[in-house]
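Okay, so here's the structure we're looking at.
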Amino acid sequence: MFGLKQDWQLDEKARHFVLEDYEGAAPRWCSGCGDNAVLSAVQRLARDLQLVPEKTVTVAGIGCSSRFPHYMKTYGFHGLHGRALPVASGVRARRPDLDIFVATGDGDCCAIGTAHWIHAIRYNMKMVVMLLDNNVYGLTKKQTSPTSRRSFTSNTHPQGSLLSPLNPLSVTLGITNASFVAQTVDWNPAHVYETLKAAHAHPGLAFVRILQRCPHFMDGHFQDIQDDPSKILLMTHDKGIPIDPSLKRLFKNQVVHDPSDLDAARRYADTQDAVPIGLFYRNEHAERYDLDTARGIDMTPQQRMKAVDAELDRFLV
Amino acid sequence: MAGQRLLMKGTEAIAEAAIRAGCHHFFGYPITPQTEIPEYMSVRLPPLGGTYLQAESEVAAINMLYGAGGAGVRVMTSSSSPGVALMSEGFSYLVGAEVPAVIVNIMRGGPGLGNIAPAQGDYLEMTRGFGHGDMHAIVLAPSTVQEAVDVMGLAFDLADEYRNPVVVIGDGLLGQMMEPVSFPDTEPKVFDKPWATTGKAKSRPRNITNSLYLDADQLEAHVRDLDVKFQRMDVEQRAECWMTDDHPEIVIVAYGTMARIAKTAIRQLRAKGLSVGLYRPITAWPFPSRALEPLVEPTRAFLTVEMSLGQLVQDIRAQVGRRRPVSFYGRAGGVVPTVEEIISQVELLHASLAAA
């Protein structure tokens, strides 16, 4: 009596989403893992923006944080190790209507996925990229990651790692066409939320590095920064991440940084004596590959066939 | 330590055996269930003056092998199925440029990300020329931790002898189990490597490690040379025939850990009065046809048992042809066929033979 489509239309008119609409499987991350905080922030953001679950997709590579798509009740894509960004680029290339969140880790993005990272930043397709950086390989049980601090002892560097860490912010800010680069810390939910909100609003690829605690393998790793708010450098600006007054009271170490200033952004990214959080850089007018890849998306099958024929007709003999 | 028996995990025994075979250079990337191999190397190699490097990916690791192997040193990497798949391009270059190296694949459930449980689903990938182009490589498939130790030394010797990469495959069970092992006390063989890029002496032309031959005739000549080498590798066939001297009615075919489970099943089946033996390839490539051939006539039926949905069985069927029936039993996705499952398969086969 009712067609499927009518039901669906009736449903859509009255839809209002609550948190449960974004909650997928129960997370299997360790208790105290910073990934839980980020997941919660994404779910709250989705609820507040009333993102349509079936028009939202979470893409991940491989690693602890890459279990993210299983825990969102949206469409999900648990891809290959290091390849979250190409997978997300493939989705974005032909689906401008979707909201895309990418969860990647320091092994996934900064080791095996480095080439893709550089090119995804350059493509600047609209998506929110969350680099959940715990400075360690957790899924394979404590090996050195490219972002591990120097002298860090792990199962693959029992005498301590030999090199200083790769800085994902400096790298991203060094890539041609980078358009949104921010940093936040998982233990400050308000700042994580506002950062992701700004990232979601950005017309292009928004790269957010989130310092993420791993209590299992890196117990106390960020404890000094957590305990001493002066070790955080809060970047503020009226064009930056909106800051709650309570955060301004907590983090006395502040600097006004204009996110349109790329040179200054690069200097702050290299800051050694404090961890800068906030928006380093934003350029809403950067080139976007996805605007080109989505061309012709509205063509009918007849129009496509006509175009194919027109091309082949050139070779008629 | 040499000659003494030690209780060791398969992955760690493999790493130790490689070191004792003169491999002091390791490049790899973490992946379960073999991460103990790089971890063991990271402890053992630096004090030996060797190189341990955690690469940024498997693609980097295999190319580091290409570089170090091309410089003439004994070199290895280890990974598990998805990581090994990433190495296939570099592997083909190693073959094309005739650079020796050893690659260990501790196989896990696939396809795709699959899982981290033991599997044998990479048999065809490994044995049919793992990489693009006309190519082959010797594939060794140990069944016990001791045999894994033994084949590691052999793998490096074969790689140097044929100037070709060698693959060692084990399933996750072999990698994770602990068994007593003893290591050989022989010194590693030393091979002369005049082709290696070690710095040009005035006395010889410069060496270039290369797999590019733009001219079709030149490339064909190169591929034919390689092919002659692949055919020479046929003498390396190795297999175990177990409880086959009395010409059993049924021969189970299995390799790796699967063969050990089959042996337990065979003991129990023999206790029940059934006539069953085992044929176990140790070289998955070259396929050990010479050991199989004498079994074909006296055997009434073969049963291939695998942790895959039917890969080794293709080689058995290719050789046995229509002369004898070849049945298959396999589990996939990290599920390991049990002794009971094998026994019931053999009993079914026995009953059907009796009825026929």
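Residues are referred to by chain and number: the chain letter is A, B, ... according to the order shown in the structure tokens, the number counts from 1 in that chain, and ligands are numbered separately from 1 in the order shown.
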* For Met307 (chain B), work out the shell of residues within 8 Å, counting only C-alpha atoms and skipping chain neighbours fewer than 5 positions away, then give it as a ChimeraX atom specification. => /B:118-121,258,330-332,334-337
* Output as a PyMOL selection string the set of chain B residues within 8 Å of chain A, with distances taken over only C-alpha atoms. => chain B and resi 30-32+35+38-40+42-43+54+56-58+112-113
For those residues, write all heavy atoms to a file as a CSV table (one decimal), in the first residue's frame.
chain,number,residue,atom,x,y,z
B,30,PRO,N,56.6,-3.3,11.2
B,30,PRO,CA,55.8,-4.2,12.1
B,30,PRO,C,54.5,-4.6,11.5
B,30,PRO,O,53.9,-3.9,10.8
B,30,PRO,CB,55.5,-3.2,13.3
B,30,PRO,CG,56.4,-2.0,13.2
B,30,PRO,CD,56.8,-1.9,11.7
B,31,ILE,N,54.2,-5.9,11.7
B,31,ILE,CA,52.9,-6.5,11.3
B,31,ILE,C,52.8,-7.8,12.1
B,31,ILE,O,53.7,-8.6,12.1
B,31,ILE,CB,52.7,-6.6,9.8
B,31,ILE,CG1,51.3,-7.2,9.5
B,31,ILE,CG2,53.8,-7.6,9.2
B,31,ILE,CD1,50.9,-7.2,8.0
B,32,THR,N,51.6,-7.9,12.7
B,32,THR,CA,51.3,-9.2,13.4
B,32,THR,C,51.0,-10.2,12.4
B,32,THR,O,50.3,-9.9,11.4
B,32,THR,CB,50.1,-8.9,14.3
B,32,THR,OG1,50.3,-7.7,15.1
B,32,THR,CG2,49.9,-10.0,15.3
B,35,THR,N,56.0,-9.7,14.2
B,35,THR,CA,56.8,-8.5,14.7
B,35,THR,C,57.9,-8.9,15.6
B,35,THR,O,58.9,-8.2,15.7
B,35,THR,CB,55.8,-7.5,15.4
B,35,THR,OG1,54.8,-7.2,14.4
B,35,THR,CG2,56.5,-6.2,15.7
B,38,PRO,N,61.5,-8.7,13.6
B,38,PRO,CA,62.2,-7.4,13.7
B,38,PRO,C,62.6,-7.0,15.1
B,38,PRO,O,63.7,-6.5,15.3
B,38,PRO,CB,61.3,-6.4,13.1
B,38,PRO,CG,60.0,-7.1,12.8
B,38,PRO,CD,60.3,-8.6,12.8
B,39,GLU,N,61.8,-7.3,16.1
B,39,GLU,CA,62.1,-6.9,17.5
B,39,GLU,C,63.3,-7.7,17.9
B,39,GLU,O,64.2,-7.1,18.6
B,39,GLU,CB,60.9,-7.2,18.4
B,39,GLU,CG,59.8,-6.2,18.2
B,39,GLU,CD,58.5,-6.5,19.0
B,39,GLU,OE1,58.5,-7.6,19.7
B,39,GLU,OE2,57.6,-5.7,19.0
B,40,TYR,N,63.4,-9.0,17.6
B,40,TYR,CA,64.6,-9.8,17.9
B,40,TYR,C,65.9,-9.2,17.3
B,40,TYR,O,66.9,-9.1,17.9
B,40,TYR,CB,64.4,-11.2,17.5
B,40,TYR,CG,65.4,-12.2,18.1
B,40,TYR,CD1,65.2,-12.8,19.3
B,40,TYR,CD2,66.6,-12.5,17.4
B,40,TYR,CE1,66.1,-13.7,19.8
B,40,TYR,CE2,67.5,-13.4,17.9
B,40,TYR,CZ,67.3,-14.0,19.1
B,40,TYR,OH,68.2,-14.9,19.6
B,42,SER,N,66.3,-6.2,16.3
B,42,SER,CA,66.7,-4.9,16.9
B,42,SER,C,67.5,-5.0,18.1
B,42,SER,O,68.3,-4.1,18.5
B,42,SER,CB,65.4,-4.1,17.2
B,42,SER,OG,64.8,-4.5,18.4
B,43,VAL,N,67.4,-6.1,18.8
B,43,VAL,CA,68.2,-6.4,20.0
B,43,VAL,C,69.6,-7.0,19.6
B,43,VAL,O,70.6,-6.5,20.1
B,43,VAL,CB,67.5,-7.4,21.0
B,43,VAL,CG1,68.4,-7.7,22.1
B,43,VAL,CG2,66.2,-6.8,21.4
B,54,GLN,N,64.1,-0.1,11.1
B,54,GLN,CA,62.6,-0.1,11.0
B,54,GLN,C,62.2,0.9,9.9
B,54,GLN,O,62.3,2.1,10.1
B,54,GLN,CB,62.0,0.3,12.3
B,54,GLN,CG,60.5,0.2,12.3
B,54,GLN,CD,59.8,0.7,13.5
B,54,GLN,OE1,60.3,0.5,14.6
B,54,GLN,NE2,58.6,1.2,13.4
B,56,GLU,N,59.9,2.8,6.9
B,56,GLU,CA,58.6,3.5,7.0
B,56,GLU,C,57.5,2.6,6.3
B,56,GLU,O,56.3,3.0,6.5
B,56,GLU,CB,58.7,4.9,6.4
B,56,GLU,CG,58.7,4.9,4.8
B,56,GLU,CD,60.2,4.8,4.3
B,56,GLU,OE1,61.0,4.3,5.0
B,56,GLU,OE2,60.4,5.3,3.2
B,57,SER,N,57.8,1.6,5.6
B,57,SER,CA,56.8,0.7,5.0
B,57,SER,C,57.4,-0.5,4.5
B,57,SER,O,58.7,-0.6,4.4
B,57,SER,CB,56.1,1.5,3.9
B,57,SER,OG,56.9,1.6,2.8
B,58,GLU,N,56.6,-1.5,4.1
B,58,GLU,CA,57.2,-2.7,3.5
B,58,GLU,C,57.8,-2.4,2.1
B,58,GLU,O,58.7,-3.1,1.7
B,58,GLU,CB,56.1,-3.8,3.3
B,58,GLU,CG,55.6,-4.4,4.6
B,58,GLU,CD,54.5,-3.6,5.4
B,58,GLU,OE1,54.2,-2.5,4.9
B,58,GLU,OE2,54.0,-4.1,6.3
B,112,GLY,N,42.6,-9.2,1.8
B,112,GLY,CA,42.5,-7.9,2.4
B,112,GLY,C,43.2,-7.9,3.8
B,112,GLY,O,44.1,-8.6,4.1
B,113,LEU,N,42.6,-7.1,4.7
B,113,LEU,CA,43.1,-7.0,6.1
B,113,LEU,C,42.9,-8.4,6.8
B,113,LEU,O,43.7,-8.8,7.6
B,113,LEU,CB,42.4,-5.9,6.8
B,113,LEU,CG,43.0,-5.5,8.2
B,113,LEU,CD1,44.5,-5.2,8.1
B,113,LEU,CD2,42.3,-4.3,8.7
* Restricting the calculation to only C-alpha atoms, which member of B:Thr299, B:Asn164, B:Asn207, B:Gln4 is positioned closest to Arg74 (chain B)? -> B:Asn164
* **Exercise: Pro194 (chain B) partners within 10 Å, only C-alpha atoms, chain neighbours under 4 positions left out, as a list in words** =>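 Surrounding residues, per the criterion: Gly72, Thr198, Arg204 and Asn207 of chain B.
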How would the residues just chosen look if you wrote them out with N, CA, C and O atoms as an mmCIF file, in the first residue's frame?
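This is the output file again30.cif:
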data_model
loop_
_atom_site.group_PDB
_atom_site.id
_atom_site.type_symbol
_atom_site.label_atom_id
_atom_site.label_comp_id
_atom_site.auth_asym_id
_atom_site.auth_seq_id
_atom_site.Cartn_x
_atom_site.Cartn_y
_atom_site.Cartn_z
ATOM 1 N N GLY B 72 76.010 -6.467 -1.946
ATOM 2 C CA GLY B 72 76.715 -7.730 -1.734
ATOM 3 C C GLY B 72 76.601 -8.332 -0.342
ATOM 4 O O GLY B 72 77.266 -9.324 -0.054
ATOM 5 N N THR B 198 80.200 -2.466 -4.982
ATOM 6 C CA THR B 198 80.982 -2.253 -3.761
ATOM 7 C C THR B 198 82.049 -1.188 -3.949
ATOM 8 O O THR B 198 82.949 -1.052 -3.140
ATOM 9 N N ARG B 204 88.386 -3.699 -12.955
ATOM 10 C CA ARG B 204 87.157 -4.251 -13.557
ATOM 11 C C ARG B 204 86.229 -3.135 -14.017
ATOM 12 O O ARG B 204 86.314 -2.006 -13.529
ATOM 13 N N ASN B 207 80.013 -1.937 -12.003
ATOM 14 C CA ASN B 207 78.797 -2.754 -11.878
ATOM 15 C C ASN B 207 77.585 -1.843 -11.759
ATOM 16 O O ASN B 207 77.610 -0.867 -11.023
#
* To do: Would you kindly return, as a ChimeraX atom specification, each protein, DNA or RNA residue with an atom no farther than 12 Å from any atom of Glu347 (chain B), considering only C-alpha atoms and excluding same-chain residues fewer than 4 positions away?
  => /B:249-250,265-266,268-270,272-276,303,340-343,351-354
* **Secondary structure check, helix (DSSP H, G or I) residues of region 196-312 of chain B, as number ranges by chain** => B: 216-236, 257-271, 289-296, 312
May I have the selected residues written with C-alpha atoms, as an mmCIF file, in the first residue's frame?
data_model
loop_
_atom_site.group_PDB
_atom_site.id
_atom_site.type_symbol
_atom_site.label_atom_id
_atom_site.label_comp_id
_atom_site.auth_asym_id
_atom_site.auth_seq_id
_atom_site.Cartn_x
_atom_site.Cartn_y
_atom_site.Cartn_z
ATOM 1 C CA ALA B 216 63.154 -6.642 -26.807
ATOM 2 C CA ASP B 217 65.760 -9.133 -28.021
ATOM 3 C CA GLN B 218 68.070 -8.280 -25.155
ATOM 4 C CA LEU B 219 65.283 -8.675 -22.616
ATOM 5 C CA GLU B 220 64.251 -11.991 -24.114
ATOM 6 C CA ALA B 221 67.837 -13.220 -23.881
ATOM 7 C CA HIS B 222 67.946 -12.092 -20.244
ATOM 8 C CA VAL B 223 64.634 -13.778 -19.405
ATOM 9 C CA ARG B 224 65.823 -16.961 -21.124
ATOM 10 C CA ASP B 225 69.000 -16.878 -19.042
ATOM 11 C CA LEU B 226 66.904 -16.467 -15.926
ATOM 12 C CA ASP B 227 64.688 -19.310 -17.057
ATOM 13 C CA VAL B 228 67.673 -21.632 -17.416
ATOM 14 C CA LYS B 229 68.516 -20.713 -13.834
ATOM 15 C CA PHE B 230 64.957 -21.426 -12.665
ATOM 16 C CA GLN B 231 65.168 -24.835 -14.327
ATOM 17 C CA ARG B 232 68.477 -25.511 -12.604
ATOM 18 C CA MET B 233 66.720 -24.815 -9.279
ATOM 19 C CA ASP B 234 64.713 -27.989 -9.862
ATOM 20 C CA VAL B 235 67.482 -29.974 -8.116
ATOM 21 C CA GLU B 236 66.548 -28.192 -4.894
ATOM 22 C CA THR B 257 51.966 -26.776 10.570
ATOM 23 C CA MET B 258 49.143 -28.509 8.720
ATOM 24 C CA ALA B 259 51.434 -31.495 8.134
ATOM 25 C CA ARG B 260 52.047 -31.852 11.872
ATOM 26 C CA ILE B 261 48.327 -31.960 12.564
ATOM 27 C CA ALA B 262 48.025 -34.510 9.757
ATOM 28 C CA LYS B 263 50.718 -36.652 11.397
ATOM 29 C CA THR B 264 48.750 -36.779 14.639
ATOM 30 C CA ALA B 265 45.667 -37.753 12.653
ATOM 31 C CA ILE B 266 47.626 -40.448 10.812
ATOM 32 C CA ARG B 267 48.886 -41.976 14.059
ATOM 33 C CA GLN B 268 45.326 -42.185 15.362
ATOM 34 C CA LEU B 269 43.997 -43.506 12.060
ATOM 35 C CA ARG B 270 46.693 -46.204 11.968
ATOM 36 C CA ALA B 271 45.751 -47.179 15.520
ATOM 37 C CA SER B 289 57.372 -33.854 -7.920
ATOM 38 C CA ARG B 290 60.129 -36.474 -7.788
ATOM 39 C CA ALA B 291 59.160 -37.509 -4.243
ATOM 40 C CA LEU B 292 55.465 -37.592 -5.112
ATOM 41 C CA GLU B 293 55.764 -39.648 -8.285
ATOM 42 C CA PRO B 294 56.606 -43.037 -6.686
ATOM 43 C CA LEU B 295 53.599 -42.622 -4.370
ATOM 44 C CA VAL B 296 51.061 -42.209 -7.154
ATOM 45 C CA LEU B 312 48.529 -26.778 -2.893
#
* Asked: Could you write out, as JSON, numbers by chain, all the residues of region 68-290 of chain B that DSSP marks as strand (DSSP E or B)?
  -> {"B": [75, 76, 77, 78, 79, 102, 103, 104, 105, 106, 107, 108, 118, 138, 139, 140, 166, 167, 168, 169, 170, 171, 178, 179, 180, 181, 239, 240, 241, 242, 250, 251, 252, 253, 276, 277, 278, 279, 280, 281, 283, 284, 285]}
* To do: Name all residues at most 9 Å from Gly175 (chain B) (count only C-alpha atoms; drop same-chain ones fewer than 3 positions away) and give them as an NGL selection string.
  => :B and (9-14 or 33-34 or 36 or 106 or 145 or 170-172 or 178)
Write out the residues from the selection above, keeping N, CA and C atoms, as a PDB file, in the first residue's frame.
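Dumped to out12.pdb:
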ATOM      1  N   LYS B   9      60.657 -19.344  20.574  1.00  0.00           N
ATOM      2  CA  LYS B   9      59.481 -19.066  19.756  1.00  0.00           C
ATOM      3  C   LYS B   9      59.906 -19.124  18.281  1.00  0.00           C
ATOM      4  N   GLY B  10      58.999 -19.595  17.419  1.00  0.00           N
ATOM      5  CA  GLY B  10      59.344 -19.762  15.998  1.00  0.00           C
ATOM      6  C   GLY B  10      59.927 -18.513  15.358  1.00  0.00           C
ATOM      7  N   THR B  11      59.269 -17.375  15.574  1.00  0.00           N
ATOM      8  CA  THR B  11      59.751 -16.138  14.949  1.00  0.00           C
ATOM      9  C   THR B  11      61.157 -15.800  15.419  1.00  0.00           C
ATOM     10  N   GLU B  12      61.414 -15.973  16.724  1.00  0.00           N
ATOM     11  CA  GLU B  12      62.728 -15.612  17.259  1.00  0.00           C
ATOM     12  C   GLU B  12      63.790 -16.604  16.800  1.00  0.00           C
ATOM     13  N   ALA B  13      63.414 -17.872  16.697  1.00  0.00           N
ATOM     14  CA  ALA B  13      64.359 -18.880  16.205  1.00  0.00           C
ATOM     15  C   ALA B  13      64.734 -18.596  14.751  1.00  0.00           C
ATOM     16  N   ILE B  14      63.760 -18.154  13.962  1.00  0.00           N
ATOM     17  CA  ILE B  14      64.021 -17.794  12.561  1.00  0.00           C
ATOM     18  C   ILE B  14      65.033 -16.652  12.503  1.00  0.00           C
ATOM     19  N   PRO B  33      51.401 -11.490  12.501  1.00  0.00           N
ATOM     20  CA  PRO B  33      52.031 -12.121  13.674  1.00  0.00           C
ATOM     21  C   PRO B  33      53.514 -12.426  13.480  1.00  0.00           C
ATOM     22  N   GLN B  34      54.296 -11.458  13.055  1.00  0.00           N
ATOM     23  CA  GLN B  34      55.723 -11.731  12.892  1.00  0.00           C
ATOM     24  C   GLN B  34      56.602 -10.652  13.487  1.00  0.00           C
ATOM     25  N   GLU B  36      57.859 -10.127  16.165  1.00  0.00           N
ATOM     26  CA  GLU B  36      58.977 -10.570  17.016  1.00  0.00           C
ATOM     27  C   GLU B  36      60.261 -10.724  16.210  1.00  0.00           C
ATOM     28  N   ILE B 106      55.274 -14.899   7.325  1.00  0.00           N
ATOM     29  CA  ILE B 106      54.481 -15.629   8.320  1.00  0.00           C
ATOM     30  C   ILE B 106      53.014 -15.337   7.987  1.00  0.00           C
ATOM     31  N   VAL B 145      59.750 -25.666  14.317  1.00  0.00           N
ATOM     32  CA  VAL B 145      60.662 -24.560  14.604  1.00  0.00           C
ATOM     33  C   VAL B 145      62.092 -24.981  14.257  1.00  0.00           C
ATOM     34  N   GLY B 170      55.792 -19.579   6.479  1.00  0.00           N
ATOM     35  CA  GLY B 170      55.297 -20.303   7.640  1.00  0.00           C
ATOM     36  C   GLY B 170      53.935 -19.727   7.958  1.00  0.00           C
ATOM     37  N   ASP B 171      53.115 -20.506   8.641  1.00  0.00           N
ATOM     38  CA  ASP B 171      51.836 -19.942   9.056  1.00  0.00           C
ATOM     39  C   ASP B 171      52.016 -19.341  10.448  1.00  0.00           C
ATOM     40  N   GLY B 172      51.027 -18.603  10.886  1.00  0.00           N
ATOM     41  CA  GLY B 172      51.123 -17.933  12.174  1.00  0.00           C
ATOM     42  C   GLY B 172      51.406 -18.883  13.332  1.00  0.00           C
ATOM     43  N   MET B 178      56.381 -22.258  20.668  1.00  0.00           N
ATOM     44  CA  MET B 178      57.714 -22.421  21.256  1.00  0.00           C
ATOM     45  C   MET B 178      58.088 -23.893  21.205  1.00  0.00           C
TER      46      MET B 178
END
* To do: Can you pull out every residue within 6 Å of region 237-243 of chain B, counting only C-alpha atoms, but drop anything in the same chain fewer than 3 positions away, and send it as a list of chain:residue names?
  =>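 Once the adjacent positions are removed, what remains is B:Asp234, B:Gly277, B:Leu278, B:Tyr279, B:Arg280, B:Pro281, B:Ile282, B:Thr283, B:Pro286, B:Pro288.
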* Structure fact -> Students should find that CA of Glu306 (chain B) and CA of Leu158 (chain B) are spaced 26.6 Å
* For Val57 (chain A), please output as number ranges by chain all residues within 6 Å (counting only C-alpha atoms; exclusion window: fewer than 4 positions along the same chain). => A: 74-76, 100
Using only C-alpha atoms, please write the residues we just selected to a file, as a CSV table (one decimal), in the first residue's frame.
chain,number,residue,atom,x,y,z
A,74,THR,CA,27.5,6.3,9.8
A,75,TYR,CA,28.9,4.8,6.6
A,76,GLY,CA,32.5,3.6,7.3
A,100,ILE,CA,34.0,12.8,5.2
* **Pick from A:Asp21, A:Arg288, A:Gln212, A:Asp35, whichever lies nearest to Gln50 (chain A) using only C-alpha atoms** => A:Asp21
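With only C-alpha atoms as the basis for measurement, A:Thr56 is the residue among A:Ser65, A:Ser164, A:Asn134, A:Thr56 that approaches Ala88 (chain A) most closely.
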* **Atom-to-atom span, CA of Met76 (chain B) and CA of Cys23 (chain B), Å** => 7.1 Å
* For Pro86 (chain A), which of A:Val52, A:Ala190, A:Ala37, A:Ile121 is the closest residue, counting only C-alpha atoms? -> A:Ile121
